[in-house]
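Visitor: I am attaching a structure below and will ask some questions about it afterwards.
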Protein chains: 2
Amino acid sequence: MAIEAPSRRRAIEDVASALFRERGYAATSVRDIARALDIRGASLYAHVTSKEDVLWAIVERAASAFEDAAARALDTGDGPADATNRLAALVRTHVAVIAADPELASVFVNEWRHLSGERREAILARRDAYEARFRGLVTEGMAAGDFTSTDPAVAATFLLTALNGIAGWYRPEGRLSANRIADHYADLAVRALTEDHR
Amino acid sequence: MAIEAPSRRRAIEDVASALFRERGYAATSVRDIARALDIRGASLYAHVTSKEDVLWAIVERAASAFEDAAARALDTGDGPADATNRLAALVRTHVAVIAADPELASVFVNEWRHLSGERREAILARRDAYEARFRGLVTEGMAAGDFTSTDPAVAATFLLTALNGIAGWYRPEGRLSANRIADHYADLAVRALTEDHR
DNA sequence: GTCGTAGCCTAACGAACGTTAGGTAGGAGA
DNA sequence: TCTCCTACCTAACGTTCGTTAGGCTACGAC
């Protein structure tokens, strides 16, 4: 979307996230990342202070992408929509963020535990906050009678894990476009929370 | 369930699957596994031929557990149930397998890609076959009019990723029992595929 | 032309990795 | 008592890991 300065640093993060997605962070060496850029491992350290630093940059960027997109999807200025429509919008947005950069999203979803100390806790806190958005929306919808009453935490986790799973299997050249997937997932999510809604 | 001979080999697999679940296969060293058993890394090789061999044993056992349970859930002798009931039974069974040994299930779901060559392909084939069971059931249910018509592959993937996610967060001492989780997930799954079903 | 700087190189560091070799202690069965 | 066998040990192997140090080249700005 946004036009980025074509920095070397960013190129490193891009190949790293592709490798982290398909092999995992721990199974990807610094020399693997360098080889994908056709340079030597040591040369990376002109652009990067550590391997974990690259992971952190990727995870941080992904977290912001999800947060910003969710805020845009939910805080629409045009008055309060009902829970069903807001849930559909949130699901669509989540799918769109994943499809826009599946490597980024996959690393965020699956590799955050290789961060250490404060960074790990910071990301966990942001994940929790994001999950709370889902849970809150589900809770509101139940209170308003839009959703079937059930355990909001379970329902939110059910939806979020299903959504995050997309980051693992989505391929841009696949059978279904991101929009079609978003349509299907929004329908499935809404129906999962709705009963006799005609 | 079954009473096992208390073999050292099995103890190794148990601590290994716990470590693989929480740190990942690649980030767990042979010496880490040994330390959890209060022995030296080299001593493991009296019971095991390689680190990957341990992963294979875990993944293989998990695959069999899922396959056997699904077969028992679907091939009930008491005549053909409708797709809704069979889906609910399959979901419950899947949850039960995960809850019976979350470490085993989590390694199966998340760490199979660290297998090499034939083993990796063999597990992928079995995963595909298992997924095909879900997809087939969804397809049948749509044909019979029990389920809302949608893309069966997308719906099956949606459900399976939501289900497999449980392996990542379930804790036996958690707020909800495995049965309660199974109830909720079966409801969510059936509703996701059903519309105006009263 | 010279200066800065961006980008890469070779060489090497200590640590950790998976794994092998060969040996020891102790209990079970003859 | 001798003999296996299970379970563990120490020591070491070659490799790979993340990372640092120091140097070279090309190019744009002044």
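FYI, nothing fancy with the structure tokens labels: chains A, B, ... in order, residues from 1 per chain, ligands from 1 as they appear.
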Which chain A residues are at most 10 Å from chain C (counting only C-alpha atoms (C1' of nucleotides)), as a list in words?

Guide: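 Those within range of chain C come out as Arg8, Ile39, Arg40, Ala42, Ser43, Leu44, Ala46 and His47 of chain A.
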
Visitor: Generate a file of the selected residues that holds N, CA and C atoms, formatted as a short mmCIF file (atom, residue, chain, number, x, y, z; two decimals), in the first residue's frame.

Guide:
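Written file, part-v2.cif:
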```cif
data_model
loop_
_atom_site.label_atom_id
_atom_site.label_comp_id
_atom_site.auth_asym_id
_atom_site.auth_seq_id
_atom_site.Cartn_x
_atom_site.Cartn_y
_atom_site.Cartn_z
N ARG A 8 17.76 -1.51 2.06
CA ARG A 8 18.33 -2.85 2.17
C ARG A 8 17.77 -3.55 3.40
N ILE A 39 24.45 -12.73 -0.58
CA ILE A 39 25.58 -12.12 0.10
C ILE A 39 26.04 -13.06 1.23
N ARG A 40 27.06 -12.68 1.98
CA ARG A 40 27.58 -13.51 3.07
C ARG A 40 26.90 -13.17 4.38
N ALA A 42 27.93 -12.60 7.36
CA ALA A 42 28.48 -11.50 8.16
C ALA A 42 28.06 -10.13 7.62
N SER A 43 27.79 -10.08 6.32
CA SER A 43 27.45 -8.79 5.71
C SER A 43 26.11 -8.26 6.20
N LEU A 44 25.28 -9.15 6.68
CA LEU A 44 23.98 -8.70 7.20
C LEU A 44 24.14 -7.74 8.36
N ALA A 46 25.87 -5.32 8.85
CA ALA A 46 25.97 -3.90 8.53
C ALA A 46 24.60 -3.23 8.60
N HIS A 47 23.55 -4.08 8.50
CA HIS A 47 22.19 -3.53 8.44
C HIS A 47 21.34 -3.88 9.65
#
```

Visitor: Just want the 9 Å neighbourhood of Val190 (chain B), counted on only C-alpha atoms (C1' of nucleotides), with same-chain residues fewer than 6 positions away dropped. Output as number ranges by chain.

Guide: A: 192; B: 84-85, 87-88, 147

Visitor: Those residues with N, CA and C atoms, as a compact mmCIF listing (two decimals), in the first residue's frame please?

Guide:
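Here's the written file result_35.txt:
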```
# COMPACT_ATOMS: atom_id res chain seq x y z
N ALA A 192 -21.49 -18.90 12.76
CA ALA A 192 -21.08 -19.63 13.96
C ALA A 192 -21.66 -18.98 15.22
N THR B 84 -25.22 -33.41 10.27
CA THR B 84 -25.07 -32.54 11.44
C THR B 84 -24.56 -33.31 12.65
N ASN B 85 -25.19 -34.45 12.91
CA ASN B 85 -24.76 -35.24 14.06
C ASN B 85 -23.38 -35.84 13.85
N LEU B 87 -20.98 -34.53 12.07
CA LEU B 87 -20.00 -33.46 12.22
C LEU B 87 -19.77 -33.16 13.70
N ALA B 88 -20.85 -33.08 14.45
CA ALA B 88 -20.70 -32.82 15.88
C ALA B 88 -19.86 -33.91 16.54
N PHE B 147 -26.43 -28.72 5.40
CA PHE B 147 -25.54 -27.58 5.59
C PHE B 147 -25.82 -26.52 4.52
```

Visitor: Can you check which residues of chain B have any atom within 6 Å of chain A? Use only C-alpha atoms and format it as JSON, numbers by chain.

Guide: {"B": [26, 27, 158, 161, 162, 165, 188, 191, 192, 196]}

Visitor: Contacts from chain D to chain B, 12 Å maximum, only C-alpha atoms (C1' of nucleotides): show me the residue list as a list of chain:residue names.

Guide: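 That gives the following set of residues: D:DT6, D:DA7, D:DC8, D:DC9, D:DT10, D:DA11, D:DA12.
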
Visitor: For those residues, write C-alpha atoms (C1' of nucleotides) to a file as a PDB file, in the first residue's frame.

Guide:
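Done, and the output landed in part-v6.pdb:
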```pdb
ATOM      1  C1'  DT D   6      19.670 -51.822  31.052  1.00  0.00           C
ATOM      2  C1'  DA D   7      20.893 -47.399  31.986  1.00  0.00           C
ATOM      3  C1'  DC D   8      23.940 -44.161  32.472  1.00  0.00           C
ATOM      4  C1'  DC D   9      28.685 -41.879  32.288  1.00  0.00           C
ATOM      5  C1'  DT D  10      32.937 -38.984  30.279  1.00  0.00           C
ATOM      6  C1'  DA D  11      35.286 -37.439  26.388  1.00  0.00           C
ATOM      7  C1'  DA D  12      35.457 -36.109  22.140  1.00  0.00           C
TER       8       DA D  12
END
```

Visitor: As a PyMOL selection string, please: the residues near Ala105 (chain A) (cut-off 6 Å, only C-alpha atoms (C1' of nucleotides), same-chain neighbours under 4 positions excluded).

Guide: chain A and resi 62+98+167

Visitor: How would you write, as a ChimeraX atom specification, the set of residues in region 49-97 of chain A that DSSP gives as helix (DSSP H, G or I)?

Guide: /A:51-74,83-97

Visitor: For the selection just defined, write its residues with N, CA and C atoms to a file, as a compact mmCIF listing (two decimals), in the first residue's frame.

Guide:
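The new file result-v4.txt reads:
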```txt
# COMPACT_ATOMS: atom_id res chain seq x y z
N LYS A 51 19.98 -11.32 14.95
CA LYS A 51 18.94 -12.10 14.29
C LYS A 51 17.59 -11.85 14.95
N GLU A 52 17.60 -11.82 16.27
CA GLU A 52 16.33 -11.57 16.97
C GLU A 52 15.78 -10.19 16.64
N ASP A 53 16.68 -9.26 16.37
CA ASP A 53 16.24 -7.92 15.99
C ASP A 53 15.41 -7.95 14.71
N VAL A 54 15.79 -8.79 13.78
CA VAL A 54 15.02 -8.93 12.54
C VAL A 54 13.64 -9.50 12.85
N LEU A 55 13.61 -10.53 13.68
CA LEU A 55 12.32 -11.10 14.08
C LEU A 55 11.45 -10.05 14.74
N TRP A 56 12.05 -9.29 15.61
CA TRP A 56 11.29 -8.26 16.32
C TRP A 56 10.69 -7.25 15.35
N ALA A 57 11.50 -6.79 14.40
CA ALA A 57 11.01 -5.80 13.43
C ALA A 57 9.82 -6.35 12.65
N ILE A 58 9.91 -7.62 12.26
CA ILE A 58 8.82 -8.24 11.50
C ILE A 58 7.57 -8.34 12.36
N VAL A 59 7.74 -8.86 13.55
CA VAL A 59 6.59 -9.06 14.44
C VAL A 59 5.95 -7.73 14.81
N GLU A 60 6.78 -6.75 15.04
CA GLU A 60 6.27 -5.44 15.42
C GLU A 60 5.46 -4.83 14.29
N ARG A 61 5.99 -4.94 13.09
CA ARG A 61 5.28 -4.38 11.94
C ARG A 61 3.96 -5.09 11.72
N ALA A 62 3.97 -6.41 11.89
CA ALA A 62 2.73 -7.17 11.72
C ALA A 62 1.70 -6.78 12.78
N ALA A 63 2.16 -6.65 14.02
CA ALA A 63 1.24 -6.28 15.09
C ALA A 63 0.58 -4.94 14.79
N SER A 64 1.37 -4.00 14.34
CA SER A 64 0.81 -2.69 14.00
C SER A 64 -0.18 -2.79 12.84
N ALA A 65 0.13 -3.63 11.87
CA ALA A 65 -0.78 -3.78 10.73
C ALA A 65 -2.14 -4.29 11.19
N PHE A 66 -2.13 -5.29 12.05
CA PHE A 66 -3.40 -5.82 12.55
C PHE A 66 -4.13 -4.78 13.38
N GLU A 67 -3.40 -4.11 14.26
CA GLU A 67 -4.04 -3.12 15.13
C GLU A 67 -4.64 -1.97 14.35
N ASP A 68 -3.86 -1.44 13.42
CA ASP A 68 -4.35 -0.31 12.63
C ASP A 68 -5.57 -0.71 11.81
N ALA A 69 -5.51 -1.88 11.20
CA ALA A 69 -6.61 -2.31 10.36
C ALA A 69 -7.88 -2.53 11.20
N ALA A 70 -7.71 -3.13 12.38
CA ALA A 70 -8.88 -3.37 13.23
C ALA A 70 -9.49 -2.05 13.69
N ALA A 71 -8.61 -1.11 14.02
CA ALA A 71 -9.12 0.20 14.45
C ALA A 71 -9.91 0.85 13.32
N ARG A 72 -9.38 0.78 12.11
CA ARG A 72 -10.08 1.35 10.97
C ARG A 72 -11.41 0.65 10.72
N ALA A 73 -11.42 -0.67 10.93
CA ALA A 73 -12.64 -1.43 10.64
C ALA A 73 -13.73 -1.17 11.68
N LEU A 74 -13.33 -0.98 12.93
CA LEU A 74 -14.33 -0.86 13.98
C LEU A 74 -14.71 0.58 14.28
N ALA A 83 -23.74 -5.62 15.79
CA ALA A 83 -22.60 -6.49 16.05
C ALA A 83 -22.31 -7.40 14.86
N THR A 84 -23.34 -7.86 14.20
CA THR A 84 -23.14 -8.75 13.06
C THR A 84 -22.32 -8.08 11.97
N ASN A 85 -22.68 -6.87 11.63
CA ASN A 85 -21.94 -6.17 10.58
C ASN A 85 -20.53 -5.82 11.02
N ARG A 86 -20.40 -5.45 12.28
CA ARG A 86 -19.06 -5.13 12.76
C ARG A 86 -18.16 -6.37 12.80
N LEU A 87 -18.75 -7.49 13.18
CA LEU A 87 -17.95 -8.72 13.18
C LEU A 87 -17.53 -9.07 11.76
N ALA A 88 -18.45 -8.98 10.83
CA ALA A 88 -18.11 -9.28 9.44
C ALA A 88 -17.00 -8.36 8.94
N ALA A 89 -17.09 -7.09 9.30
CA ALA A 89 -16.05 -6.15 8.87
C ALA A 89 -14.71 -6.49 9.50
N LEU A 90 -14.73 -6.87 10.78
CA LEU A 90 -13.49 -7.20 11.47
C LEU A 90 -12.84 -8.43 10.85
N VAL A 91 -13.66 -9.42 10.56
CA VAL A 91 -13.14 -10.65 9.95
C VAL A 91 -12.54 -10.35 8.58
N ARG A 92 -13.28 -9.62 7.77
CA ARG A 92 -12.77 -9.25 6.45
C ARG A 92 -11.45 -8.52 6.55
N THR A 93 -11.37 -7.60 7.47
CA THR A 93 -10.14 -6.83 7.63
C THR A 93 -8.98 -7.72 8.04
N HIS A 94 -9.26 -8.62 8.97
CA HIS A 94 -8.20 -9.53 9.42
C HIS A 94 -7.69 -10.37 8.25
N VAL A 95 -8.60 -10.90 7.47
CA VAL A 95 -8.20 -11.68 6.30
C VAL A 95 -7.40 -10.83 5.34
N ALA A 96 -7.82 -9.60 5.15
CA ALA A 96 -7.13 -8.72 4.21
C ALA A 96 -5.70 -8.45 4.65
N VAL A 97 -5.50 -8.25 5.95
CA VAL A 97 -4.14 -8.00 6.45
C VAL A 97 -3.27 -9.22 6.20
```

Visitor: Choose the residue, out of A:Thr139, A:Arg133, A:Glu173, A:Ala156, that has the smallest atom-to-atom separation from Asp75 (chain A); count only C-alpha atoms.

Guide: A:Arg133
